[in-house]
$ cat model21.txt   # compact mmCIF, C-alpha atoms and all ligand atoms
# COMPACT_ATOMS: atom_id res chain seq x y z
CA MET A 27 0.00 0.00 0.00
CA GLU A 28 2.85 2.38 0.78
CA ASP A 29 4.00 1.95 -2.78
CA LEU A 30 0.63 2.82 -4.20
CA ARG A 31 0.22 5.90 -2.06
CA ASN A 32 3.60 7.32 -2.92
CA SER A 33 3.63 6.33 -6.51
CA ARG A 34 3.51 9.90 -7.84
CA SER A 35 4.92 12.07 -5.13
CA ASN A 36 8.50 12.04 -6.42
CA GLU A 37 7.94 12.21 -10.11
CA LEU A 38 6.04 15.37 -10.86
CA ASP A 39 7.23 16.22 -14.31
CA PRO A 40 5.30 18.75 -16.40
CA GLU A 41 7.00 17.42 -19.56
CA ASP A 42 4.77 14.36 -19.20
CA MET A 43 1.73 16.35 -20.17
CA GLU A 44 3.03 17.38 -23.59
CA ASP A 45 2.69 13.93 -25.05
CA GLY A 46 -0.79 14.14 -26.52
CA ASP A 47 -0.94 10.95 -28.54
CA TYR A 48 -0.29 8.48 -25.74
CA MET A 49 -1.59 7.69 -22.30
CA LYS A 50 0.77 6.12 -19.82
CA LYS A 51 1.04 4.76 -16.34
CA GLY A 52 0.73 7.57 -13.81
CA ASP A 53 -1.36 9.82 -16.08
CA LEU A 54 -4.67 11.16 -14.85
CA SER A 55 -7.82 10.30 -16.74
CA ALA A 56 -11.54 10.52 -16.18
CA THR A 57 -14.31 7.95 -16.36
CA LEU A 58 -17.91 7.59 -15.24
CA VAL A 59 -18.97 5.36 -12.37
CA ARG A 60 -22.25 4.60 -10.65
CA SER A 61 -22.63 5.71 -7.07
CA ARG A 62 -25.98 4.83 -5.50
CA ASN A 63 -28.56 6.49 -7.78
CA LYS A 64 -26.14 8.79 -9.59
CA ILE A 65 -23.73 8.48 -12.46
CA CYS A 66 -20.71 10.58 -11.65
CA MET A 67 -17.18 11.30 -12.72
CA ALA A 68 -14.21 9.60 -11.13
CA ILE A 69 -10.62 10.68 -11.80
CA LEU A 70 -8.19 7.80 -12.16
CA GLU A 71 -4.47 7.60 -11.79
CA VAL A 72 -3.71 5.10 -14.55
CA ALA A 73 -1.88 1.96 -13.43
CA GLY A 74 -1.75 -0.01 -16.67
CA PHE A 75 -3.32 -1.09 -19.95
CA GLN A 76 -4.55 -4.65 -20.38
CA PHE A 77 -4.58 -5.63 -24.04
CA LEU A 78 -6.66 -8.57 -25.19
CA LYS A 79 -4.81 -11.91 -24.92
CA GLU A 80 -1.75 -10.34 -23.30
CA LYS A 81 -0.67 -11.65 -19.91
CA VAL A 82 1.15 -8.57 -18.69
CA ALA A 83 -0.36 -5.11 -18.61
CA ARG A 84 1.39 -2.47 -20.70
CA THR A 85 2.49 0.85 -19.21
CA ILE A 86 1.83 2.99 -22.29
CA ALA A 87 -0.78 2.92 -25.05
CA ALA A 88 -1.68 5.06 -28.06
CA LEU A 89 -4.88 7.08 -27.65
CA ASP A 90 -6.07 5.87 -31.07
CA ASP A 91 -5.88 2.28 -29.85
CA LEU A 92 -7.60 3.08 -26.57
CA GLU A 93 -10.51 4.85 -28.23
CA ASN A 94 -11.41 1.94 -30.49
CA PRO A 95 -13.89 -0.35 -28.67
CA ASN A 96 -12.99 -3.24 -30.99
CA ASN A 97 -9.54 -3.44 -29.36
CA GLN A 98 -11.20 -4.33 -26.03
CA ILE A 99 -8.40 -2.76 -24.02
CA LYS A 100 -8.99 -2.37 -20.28
CA ILE A 101 -7.46 0.41 -18.23
CA SER A 102 -6.70 -0.21 -14.58
CA GLY A 103 -6.23 2.59 -12.13
CA GLN A 104 -7.05 4.04 -8.74
CA ILE A 105 -9.63 6.72 -8.10
CA ILE A 106 -7.97 9.78 -6.63
CA ASP A 107 -9.44 11.97 -3.93
CA LEU A 108 -9.96 15.58 -4.99
CA CYS A 109 -10.55 18.76 -3.03
CA THR A 110 -11.24 22.29 -4.13
CA PHE A 111 -11.00 25.74 -2.60
CA SER A 112 -12.45 27.69 -5.51
CA SER A 113 -14.81 27.21 -8.41
CA SER A 114 -11.97 27.13 -10.94
CA SER A 115 -9.76 24.20 -10.02
CA TRP A 116 -9.31 20.94 -8.12
CA GLU A 117 -6.30 19.46 -6.37
CA TRP A 118 -5.35 15.89 -5.62
CA THR A 119 -4.98 15.23 -1.90
CA LYS A 120 -2.53 12.38 -2.65
CA LYS A 121 -5.12 10.01 -1.25
CA TYR A 122 -6.94 7.28 -3.14
CA LEU A 123 -10.60 6.36 -2.65
CA PRO A 124 -11.58 2.83 -1.60
CA LEU A 125 -14.06 1.30 -4.03
CA ASP A 126 -16.30 -0.11 -1.31
CA ASN A 127 -16.56 1.67 2.02
CA ASN A 128 -18.81 -1.01 3.46
CA SER A 129 -16.38 -3.80 2.80
CA GLN A 130 -15.76 -5.96 5.87
CA ASN A 131 -12.17 -6.35 4.85
CA LYS A 132 -10.36 -3.38 6.33
CA LYS A 133 -6.97 -4.38 4.98
CA LEU A 134 -5.75 -2.14 2.21
CA THR A 135 -5.64 -4.62 -0.62
CA ARG A 136 -5.23 -3.99 -4.32
CA ARG A 137 -8.76 -5.19 -4.95
CA GLN A 138 -10.20 -2.46 -2.77
CA PHE A 139 -8.52 0.29 -4.74
CA VAL A 140 -7.82 -0.81 -8.29
CA LEU A 141 -10.56 -0.41 -10.84
CA GLU A 142 -10.61 -1.97 -14.29
CA ILE A 143 -12.69 -0.30 -17.00
CA PRO A 144 -13.01 -0.53 -20.81
CA ALA A 145 -10.53 1.96 -22.30
CA CYS A 146 -13.10 3.47 -24.64
CA LEU A 147 -14.93 4.81 -21.56
CA VAL A 148 -11.87 6.64 -20.24
CA HIS A 149 -10.95 10.20 -21.22
CA PRO A 150 -7.40 11.58 -20.88
CA LEU A 151 -7.01 14.72 -18.75
CA ALA A 152 -4.60 17.64 -18.89
CA TYR A 153 -3.20 18.73 -15.54
CA SER A 154 -0.74 21.18 -14.06
CA ILE A 155 1.18 21.50 -10.82
CA ALA A 156 -0.26 23.16 -7.74
CA ALA A 157 2.50 24.56 -5.56
CA LYS A 158 2.21 24.99 -1.81
CA PRO A 159 0.08 28.08 -1.08
CA ILE A 160 1.99 31.00 0.46
CA SER A 161 -0.62 31.83 3.05
CA SER A 162 -1.92 28.57 4.35
CA SER A 163 -4.41 29.44 7.01
CA CYS A 164 -6.33 26.27 7.69
CA GLN A 165 -5.86 23.82 4.87
CA ASP A 166 -3.64 20.79 5.03
CA THR A 167 -0.47 21.54 3.06
CA SER A 168 1.32 18.25 3.51
CA TYR A 169 0.37 17.00 0.06
CA TYR A 170 1.95 19.81 -1.97
CA PRO A 171 3.21 19.92 -4.65
CA THR A 172 0.37 18.08 -6.29
CA TRP A 173 -1.64 17.84 -9.50
CA LYS A 174 -4.19 20.49 -10.33
CA LEU A 175 -7.18 20.10 -12.67
CA ALA A 176 -9.24 22.90 -14.22
CA SER A 177 -12.96 22.75 -13.35
CA SER A 178 -14.02 23.85 -16.82
CA ASP A 179 -12.07 20.90 -18.32
CA LEU A 180 -13.71 18.46 -15.95
CA TYR A 181 -17.24 19.61 -16.78
CA MET A 182 -16.45 19.40 -20.48
CA VAL A 183 -15.04 15.89 -20.14
CA LEU A 184 -18.03 14.81 -18.01
CA ASN A 185 -20.31 15.93 -20.79
CA SER A 186 -18.31 14.18 -23.47
CA LEU A 187 -18.11 10.92 -21.47
CA TRP A 188 -21.87 10.97 -20.99
CA LYS A 189 -22.41 11.63 -24.72
CA SER A 190 -20.16 8.69 -25.60
CA LEU A 191 -22.67 6.40 -23.88
CA GLU A 192 -25.23 7.40 -26.52
CA PRO A 193 -27.84 8.61 -24.02
CA ASP A 194 -30.38 9.51 -26.71
CA THR A 195 -30.58 5.95 -28.00
CA GLU A 196 -31.70 2.64 -26.59
CA LYS A 197 -28.05 1.64 -26.42
CA ILE A 198 -27.65 3.70 -23.26
CA ILE A 199 -29.18 0.96 -21.12
CA GLY A 200 -26.48 -1.56 -22.06
CA ASN A 201 -23.69 1.01 -22.11
CA VAL A 202 -24.49 2.16 -18.59
CA GLU A 203 -24.12 -1.45 -17.46
CA LEU A 204 -20.43 -1.20 -18.36
CA LEU A 205 -19.84 1.41 -15.67
CA PRO A 206 -18.46 0.10 -12.38
CA THR A 207 -20.48 0.67 -9.22
CA ILE A 208 -18.59 2.40 -6.43
CA ASN A 209 -19.76 2.25 -2.86
CA ASN A 210 -18.18 5.35 -1.38
CA LEU A 211 -20.93 7.90 -0.89
CA THR A 212 -18.90 10.23 1.32
CA SER A 213 -16.43 10.90 -1.49
CA LEU A 214 -18.27 10.20 -4.77
CA PRO A 215 -19.73 12.21 -6.38
CA TYR A 216 -16.92 14.67 -5.59
CA HIS A 217 -17.89 17.62 -3.38
CA ASP A 218 -17.37 21.24 -4.38
CA TYR A 219 -16.14 24.05 -2.11
CA ASN A 220 -19.65 24.44 -0.66
CA ASN A 221 -19.54 20.73 0.13
CA ASP A 222 -22.30 20.03 -2.39
CA GLU A 223 -22.15 17.01 -4.65
CA THR A 224 -20.92 17.89 -8.13
CA LEU A 225 -19.45 16.39 -11.32
CA PHE A 226 -22.36 13.99 -11.80
CA VAL A 227 -24.80 13.57 -14.69
CA GLU A 228 -27.73 15.88 -14.01
CA ASN A 229 -31.27 15.08 -15.07
CA LEU A 230 -30.48 11.39 -15.33
CA PRO A 231 -33.42 9.83 -17.19
CA GLU A 232 -35.80 8.09 -14.80
CA CYS A 233 -35.26 4.85 -16.71
CA LEU A 234 -31.59 4.74 -15.70
CA ILE A 235 -32.11 5.16 -11.98
CA PRO A 236 -31.73 1.69 -10.49
CA HIS A 237 -34.86 0.27 -8.84
CA GLN A 238 -35.42 -2.78 -6.69
CA LYS A 239 -36.11 -5.77 -8.95
CA LEU A 240 -39.09 -8.08 -8.40
CA THR A 241 -38.48 -11.78 -7.83
CA GLY A 242 -40.03 -14.63 -9.82
CA LYS A 243 -42.61 -15.35 -7.10
CA ASN A 244 -43.89 -11.77 -6.75
CA LYS A 245 -47.60 -11.46 -7.65
CA ILE A 246 -48.22 -8.87 -10.34
CA SER A 247 -51.03 -8.08 -12.79
CA CYS A 248 -50.85 -7.70 -16.56
CA PHE A 249 -50.73 -4.03 -17.63
CA LEU A 250 -52.92 -4.90 -20.63
CA CYS A 251 -55.66 -7.28 -19.48
CA GLY A 252 -55.30 -7.14 -15.71
CA GLU A 253 -54.85 -10.88 -15.14
CA GLU A 254 -52.84 -11.68 -12.02
CA MET A 255 -49.90 -14.05 -11.96
CA THR A 256 -46.38 -14.43 -10.61
CA LEU A 257 -43.58 -12.53 -12.36
CA ASN A 258 -42.02 -15.71 -13.79
CA LYS A 259 -45.21 -16.35 -15.82
CA MET A 260 -45.64 -12.84 -17.20
CA ARG A 261 -43.32 -13.07 -20.24
CA ASN A 262 -45.26 -16.09 -21.50
CA HIS A 263 -48.57 -14.35 -20.86
CA VAL A 264 -47.51 -11.15 -22.61
CA GLY A 265 -46.08 -13.27 -25.43
CA SER A 266 -49.55 -14.61 -26.09
CA HIS A 267 -50.93 -11.06 -26.39
CA ILE A 268 -48.14 -10.12 -28.81
CA LEU A 269 -48.49 -13.22 -30.96
CA HIS A 270 -52.26 -12.77 -31.30
CA THR A 271 -51.70 -9.25 -32.57
CA LEU A 272 -48.85 -10.32 -34.81
CA CYS A 273 -50.94 -13.08 -36.40
CA ASN A 274 -54.01 -10.87 -36.61
CA SER A 275 -55.91 -13.35 -34.46
CA GLU A 276 -58.60 -12.38 -31.95
CA ASP A 277 -57.18 -12.39 -28.43
CA PRO A 278 -59.47 -14.18 -25.95
CA LYS A 279 -57.85 -12.16 -23.14
CA VAL A 280 -59.01 -8.69 -24.09
CA CYS A 281 -56.52 -5.87 -23.47
CA HIS A 282 -59.09 -3.55 -21.89
CA LEU A 283 -56.70 -1.68 -19.57
CA ARG A 284 -54.18 -0.62 -22.19
CA SER A 285 -53.55 -1.69 -25.75
CA LEU A 286 -50.40 -3.56 -26.66
CA GLY A 287 -47.38 -1.38 -27.49
CA GLU A 288 -46.36 -0.87 -31.11
CA ASN A 289 -42.93 -2.25 -30.38
CA PRO A 290 -43.94 -4.16 -27.27
CA CYS A 291 -41.55 -5.05 -24.45
CA GLY A 292 -41.55 -8.83 -24.04
CA PHE A 293 -41.70 -8.57 -20.26
CA CYS A 294 -44.71 -6.24 -19.94
CA GLY A 295 -46.20 -5.56 -23.41
CA GLN A 296 -45.80 -1.78 -23.18
CA ASP A 297 -43.73 0.55 -25.33
CA ASN A 298 -40.63 2.40 -24.15
CA CYS A 299 -38.97 -0.20 -21.91
CA LEU A 300 -35.26 -0.50 -22.69
CA THR A 301 -33.73 -3.95 -22.69
CA GLN A 302 -30.20 -4.94 -23.65
CA LEU A 303 -28.86 -8.44 -24.19
CA LYS A 304 -25.20 -9.00 -23.41
CA ILE A 305 -23.19 -12.04 -24.33
CA LYS A 306 -20.74 -12.79 -21.56
CA LYS A 307 -17.10 -13.31 -22.27
CA HIS A 308 -16.93 -17.04 -21.78
CA SER A 309 -20.50 -18.05 -22.74
CA GLY A 310 -23.83 -17.29 -21.19
CA PHE A 311 -26.04 -14.25 -21.46
CA SER A 312 -27.07 -11.41 -19.23
CA ILE A 313 -29.95 -9.01 -19.66
CA ALA A 314 -30.17 -5.41 -18.52
CA SER A 315 -33.60 -3.84 -18.56
CA ASN A 316 -35.47 -0.96 -17.01
CA CYS A 317 -38.83 -2.74 -17.39
CA PRO A 318 -40.81 -2.84 -14.13
CA TYR A 319 -41.58 -6.49 -14.97
CA HIS A 320 -38.02 -7.44 -15.90
CA TYR A 321 -37.56 -10.98 -14.58
CA SER A 322 -33.87 -11.04 -13.73
CA GLY A 323 -34.09 -14.71 -12.72
CA MET A 324 -35.02 -15.71 -16.26
CA GLN A 325 -32.68 -18.32 -17.71
CA TYR A 326 -32.02 -17.10 -21.20
CA LYS A 327 -31.35 -20.39 -23.00
CA LYS A 328 -34.35 -22.09 -21.43
CA ALA A 329 -36.62 -19.15 -22.16
CA ALA A 330 -35.55 -19.15 -25.82
CA GLU A 331 -36.61 -22.79 -26.19
CA PHE A 332 -40.16 -24.04 -26.63
CA SER A 333 -41.53 -26.13 -23.77
CA LYS A 334 -45.05 -27.33 -22.98
CA SER A 335 -45.12 -25.47 -19.65
CA ILE A 336 -43.72 -22.19 -21.02
CA PRO A 337 -44.28 -22.21 -24.79
CA CYS A 338 -43.36 -18.57 -25.44
CA THR A 339 -39.86 -18.16 -26.88
CA ASN A 340 -39.99 -14.36 -27.07
CA VAL A 341 -36.56 -13.31 -25.78
CA PRO A 342 -34.27 -10.36 -26.43
CA ILE A 343 -31.95 -11.02 -29.38
CA HIS A 344 -29.28 -9.01 -31.15
CA CYS A 345 -30.05 -7.37 -34.46
CA LEU A 346 -26.99 -8.22 -36.52
CA LEU A 347 -27.89 -5.66 -39.17
CA CYS A 348 -27.79 -2.64 -36.83
CA PRO A 349 -24.45 -0.92 -36.04
CA THR A 350 -22.90 -1.93 -32.70
CA ALA A 351 -22.92 0.23 -29.59
CA VAL A 352 -19.96 1.55 -27.60
CA SER A 353 -20.32 -1.53 -25.40
CA GLY A 354 -19.43 -3.66 -28.43
CA ASP A 355 -22.87 -5.27 -28.43
CA PRO A 356 -25.27 -5.07 -31.34
CA PRO A 357 -28.60 -3.41 -30.46
CA THR A 358 -31.22 -5.64 -28.87
CA ILE A 359 -34.68 -6.35 -30.21
CA TRP A 360 -37.36 -8.75 -28.99
CA LYS A 361 -37.75 -11.89 -31.08
CA TYR A 362 -41.48 -11.35 -31.69
CA ASN A 363 -40.78 -7.78 -32.88
CA ALA A 364 -37.92 -8.81 -35.17
CA LEU A 365 -39.88 -8.90 -38.40
CA TYR A 366 -41.38 -5.47 -37.75
CA HIS A 367 -37.90 -4.14 -36.93
CA LEU A 368 -36.30 -5.66 -40.05
CA ILE A 369 -38.92 -4.25 -42.37
CA SER A 370 -39.13 -0.82 -40.79
CA GLU A 371 -35.40 -0.30 -40.11
CA HIS A 372 -33.55 -2.33 -42.70
CA SER A 373 -35.60 -2.18 -45.90
CA SER A 374 -34.30 0.45 -48.27
CA GLY A 375 -37.14 1.78 -50.36
CA SER A 376 -38.67 -1.20 -52.08
CA THR A 377 -35.72 -3.49 -51.36
CA PRO A 378 -36.41 -5.92 -48.54
CA PRO A 379 -33.53 -6.72 -46.17
CA SER A 380 -31.44 -9.85 -46.52
CA ILE A 381 -31.63 -11.66 -43.21
CA PRO A 382 -28.49 -13.53 -42.11
CA GLY A 383 -29.28 -17.24 -41.65
CA GLN A 384 -28.38 -17.14 -37.97
CA LEU A 385 -30.88 -14.35 -37.34
CA LEU A 386 -33.55 -16.10 -39.38
CA VAL A 387 -33.19 -19.17 -37.17
CA GLN A 388 -33.40 -16.99 -34.07
CA ILE A 389 -36.59 -15.22 -35.09
CA PHE A 390 -38.42 -18.28 -36.31
CA ILE A 391 -41.64 -19.11 -34.45
CA THR A 392 -42.81 -22.71 -34.73
CA LYS A 393 -46.40 -23.70 -35.43
CA GLU A 394 -46.28 -25.70 -32.22
CA GLU A 395 -45.51 -22.53 -30.26
CA GLU A 396 -48.28 -20.61 -32.00
CA ARG A 397 -50.74 -23.38 -31.31
CA ALA A 398 -49.70 -23.61 -27.65
CA LEU A 399 -50.30 -19.86 -27.29
CA GLY A 400 -53.76 -20.14 -28.81
CA ILE A 401 -53.23 -19.17 -32.47
CA SER A 402 -55.32 -21.20 -34.90
CA GLY A 403 -53.62 -22.91 -37.85
CA HIS A 404 -55.45 -20.86 -40.44
CA ASN A 405 -54.13 -17.54 -39.22
CA THR A 406 -50.62 -18.87 -39.02
CA VAL A 407 -50.58 -19.82 -42.68
CA ASP A 408 -51.94 -16.40 -43.69
CA TRP A 409 -49.35 -14.60 -41.69
CA ARG A 410 -46.48 -16.63 -43.13
CA ARG A 411 -47.66 -16.13 -46.68
CA GLN A 412 -48.00 -12.38 -46.21
CA ASN A 413 -44.46 -12.08 -44.98
CA ASN A 414 -42.65 -14.62 -47.13
CA ILE A 415 -41.70 -16.71 -44.12
CA PRO A 416 -41.04 -20.23 -45.37
CA ASP A 417 -43.80 -22.57 -44.26
CA SER A 418 -41.61 -25.17 -42.70
CA ASP A 419 -40.57 -25.85 -39.16
CA GLY A 420 -37.31 -27.39 -40.37
CA ILE A 421 -35.53 -24.03 -40.25
CA GLN A 422 -35.79 -23.84 -36.53
CA LEU A 423 -33.39 -26.77 -36.21
CA GLY A 424 -30.85 -24.82 -38.21
CA GLN A 425 -29.39 -27.96 -39.73
CA THR A 426 -30.14 -27.35 -43.34
CA ARG A 427 -29.01 -23.72 -43.30
CA LYS A 428 -25.58 -22.27 -42.95
CA ARG A 429 -25.03 -19.05 -41.08
CA SER A 430 -24.15 -17.26 -44.26
CA ASP A 431 -27.42 -18.11 -45.98
CA THR A 432 -29.80 -15.23 -46.37
CA VAL A 433 -33.49 -15.06 -47.01
CA SER A 434 -35.45 -12.04 -48.04
CA THR A 435 -38.54 -10.95 -46.20
CA ALA A 436 -41.69 -9.67 -47.79
CA HIS A 437 -41.30 -7.86 -51.07
CA SER A 438 -42.98 -4.54 -51.45
CA ASP A 439 -43.19 -2.19 -54.36
CA ASN A 440 -43.26 1.07 -52.52
CA HIS A 441 -43.00 2.56 -49.08
CA ASP A 442 -46.74 2.95 -48.57
CA GLN A 443 -47.36 -0.67 -49.23
CA LYS A 444 -44.69 -1.56 -46.73
CA ARG A 445 -46.35 0.62 -44.12
CA ASN A 446 -49.70 -0.97 -44.80
CA ARG A 447 -48.36 -4.38 -44.23
CA LEU A 448 -46.59 -3.28 -41.09
CA GLU A 449 -49.83 -1.97 -39.78
CA GLU A 450 -51.47 -5.25 -40.54
CA ILE A 451 -48.80 -7.06 -38.59
CA ALA A 452 -48.37 -4.66 -35.75
CA GLU A 453 -51.83 -3.47 -34.88
ZN ZN A 501 -52.63 -9.81 -20.13
ZN ZN A 502 -41.55 -3.70 -20.12
ZN ZN A 503 -31.60 -3.78 -36.72
$ encode --input "model21.txt" --output "structure tokens"
Amino acid sequence: MEDLRNSRSNELDPEDMEDGDYMKKGDLSATLVRSRNKICMAILEVAGFQFLKEKVARTIAALDDLENPNNQIKISGQIIDLCTFSSSSWEWTKKYLPLDNNSQNKKLTRRQFVLEIPACLVHPLAYSIAAKPISSSCQDTSYYPTWKLASSDLYMVLNSLWKSLEPDTEKIIGNVELLPTINNLTSLPYHDYNNDETLFVENLPECLIPHQKLTGKNKISCFLCGEEMTLNKMRNHVGSHILHTLCNSEDPKVCHLRSLGENPCGFCGQDNCLTQLKIKKHSGFSIASNCPYHYSGMQYKKAAEFSKSIPCTNVPIHCLLCPTAVSGDPPTIWKYNALYHLISEHSSGSTPPSIPGQLLVQIFITKEEERALGISGHNTVDWRRQNNIPDSDGIQLGQTRKRSDTVSTAHSDNHDQKRNRLEEIAE
């Protein structure tokens, strides 16, 4: 720990700051972290750069490499403690902030101080030297000389970091999941000279404020028809509403409270929930969602498979045709909404999109599933014909198709026709 604490005190060298194209060990940089219900800035002293498939962390890296999310470089570092005596600048107290103040382990271990974060979420900072003040009335002067950061820079960087998470798109929900959670409320967000919290994202959208999640056994009622059930049954129930609408089939459970969303959330059937599927490094999936009915106990692979007890296979999937987010993940759509998404987002004029074979397999709904959810055979055939979906359940097995195969969806001669059909499907 001694080493960590004194790592900078003897090497203050302003020449270091000139080197704009690289970031190196000991540099200061900024990132965003989550602290209780806020997203705030944390300033890191960089410890190293972990490149993909390299055993040993590097001590220097080109900014161009760090900015590219495809490189998957991780930056490790310690969050520094800052104080300020004016509105114009901040100084480092030469202290580091523990990542979890509630930790039972009071020993000062590396794990309690060193943070690892995707490099594309880290912003380099310019800094200068603060010399010992001449008249030092009450403040602690033992840490001088130290680094000094301009407030205006920090607010600019905060803004740019927030923008890089694409807050105006659905991608924000997955991107925010990349931010580490820090449990140190006394120090983060940083406090200004009035001791007010500052350097956090203001007006954080309601949908990004973490809420207590329901468990599978919690009793809830359907937003659309009012039927009561436990949370673990709701996705299947809502799936039946969606499929009836999709197949233009009369729903025996009338949605008298609220009509189904146009681009319905698979957990609750409403519009405007944000859900992001993430494929974990070594296999497995995780789902981030701000839906009030998000069932976090859902097992993805099981849910994506038809079974007699839970026939609905409506799960979040990646759209491979959309550009990827900062998190490196493609945008997420719900399986039952996939066709609507492909036609509305990926048809250009009268040209229907080519669907990669893998995606086609993922979005395929079997007749067995439709039947189990109450759709009659007649409607199913109509719906398939209208949308050029091959009338065979063989595709679902994926054995006769290679990933590279593509199939076109419905042909349409002009935009209006496309809209009409979409309305037929989606209403
Ligand atoms: Zn319902
Ligand atoms: Zn929802
Ligand atoms: Zn897409």
$ atom_distance --input "model21.txt" --atom1 "CA of Ile199 (chain A)" --atom2 "CA of Leu300 (chain A)"
6.4 Å
$ atom_distance --input "model21.txt" --atom1 "CA of Gly323 (chain A)" --atom2 "CA of Leu303 (chain A)"
14.1 Å
$ residues_near_ligand --input "model21.txt" --ligand "ligand ZN 501 (chain A)" --cutoff "12 Å" --atoms "all atoms listed in the file" --output "MDAnalysis selection string"
chainID A and resid 246:255 259:268 270 277:286 292:296
$ atom_distance --input "model21.txt" --atom1 "CA of Asn363 (chain A)" --atom2 "CA of Cys338 (chain A)"
13.4 Å
$ closest_residue --input "model21.txt" --among "A:Ile235, A:Asp222, A:Arg60, A:Thr110" --to "Ala176 (chain A)" --atoms "all atoms listed in the file"
A:Thr110
$ residues_around --input "model21.txt" --residues "Ser312 (chain A)" --least-positions-apart "6" --cutoff "10 Å" --atoms "only C-alpha atoms" --output "PDB file with C-alpha atoms, in the frame of the given file"
ATOM      1  CA  GLN A 302     -30.200  -4.940 -23.650  1.00  0.00           C
ATOM      2  CA  LEU A 303     -28.860  -8.440 -24.190  1.00  0.00           C
ATOM      3  CA  LYS A 304     -25.200  -9.000 -23.410  1.00  0.00           C
ATOM      4  CA  ILE A 305     -23.190 -12.040 -24.330  1.00  0.00           C
ATOM      5  CA  LYS A 306     -20.740 -12.790 -21.560  1.00  0.00           C
ATOM      6  CA  SER A 322     -33.870 -11.040 -13.730  1.00  0.00           C
ATOM      7  CA  MET A 324     -35.020 -15.710 -16.260  1.00  0.00           C
ATOM      8  CA  GLN A 325     -32.680 -18.320 -17.710  1.00  0.00           C
ATOM      9  CA  TYR A 326     -32.020 -17.100 -21.200  1.00  0.00           C
TER      10      TYR A 326
END
$ residues_around --input "model21.txt" --residues "Tyr170 (chain A)" --least-positions-apart "4" --cutoff "10 Å" --atoms "all atoms listed in the file" --output "list in words"
Ser35, Glu117, Trp118, Thr119, Lys120, Ile155, Ala156, Ala157, Lys158, Pro159 and Asp166 of chain A
$ write_last_selection --input "model21.txt" --atoms "C-alpha atoms" --output "PDB file, in the frame of the given file"
ATOM      1  CA  SER A  35       4.920  12.070  -5.130  1.00  0.00           C
ATOM      2  CA  GLU A 117      -6.300  19.460  -6.370  1.00  0.00           C
ATOM      3  CA  TRP A 118      -5.350  15.890  -5.620  1.00  0.00           C
ATOM      4  CA  THR A 119      -4.980  15.230  -1.900  1.00  0.00           C
ATOM      5  CA  LYS A 120      -2.530  12.380  -2.650  1.00  0.00           C
ATOM      6  CA  ILE A 155       1.180  21.500 -10.820  1.00  0.00           C
ATOM      7  CA  ALA A 156      -0.260  23.160  -7.740  1.00  0.00           C
ATOM      8  CA  ALA A 157       2.500  24.560  -5.560  1.00  0.00           C
ATOM      9  CA  LYS A 158       2.210  24.990  -1.810  1.00  0.00           C
ATOM     10  CA  PRO A 159       0.080  28.080  -1.080  1.00  0.00           C
ATOM     11  CA  ASP A 166      -3.640  20.790   5.030  1.00  0.00           C
TER      12      ASP A 166
END
$ closest_residue --input "model21.txt" --among "A:Leu365, A:Leu347, A:Thr256, A:Ser61" --to "Tyr321 (chain A)" --atoms "all atoms listed in the file"
A:Thr256
$ closest_residue --input "model21.txt" --among "A:Phe311, A:Trp173, A:Phe390, A:Trp360" --to "Glu331 (chain A)" --atoms "all atoms listed in the file"
A:Phe390
$ residues_near_ligand --input "model21.txt" --ligand "ligand ZN 503 (chain A)" --cutoff "10 Å" --atoms "all atoms listed in the file" --output "PyMOL selection string"
chain A and resi 344-350+356-359+364-372
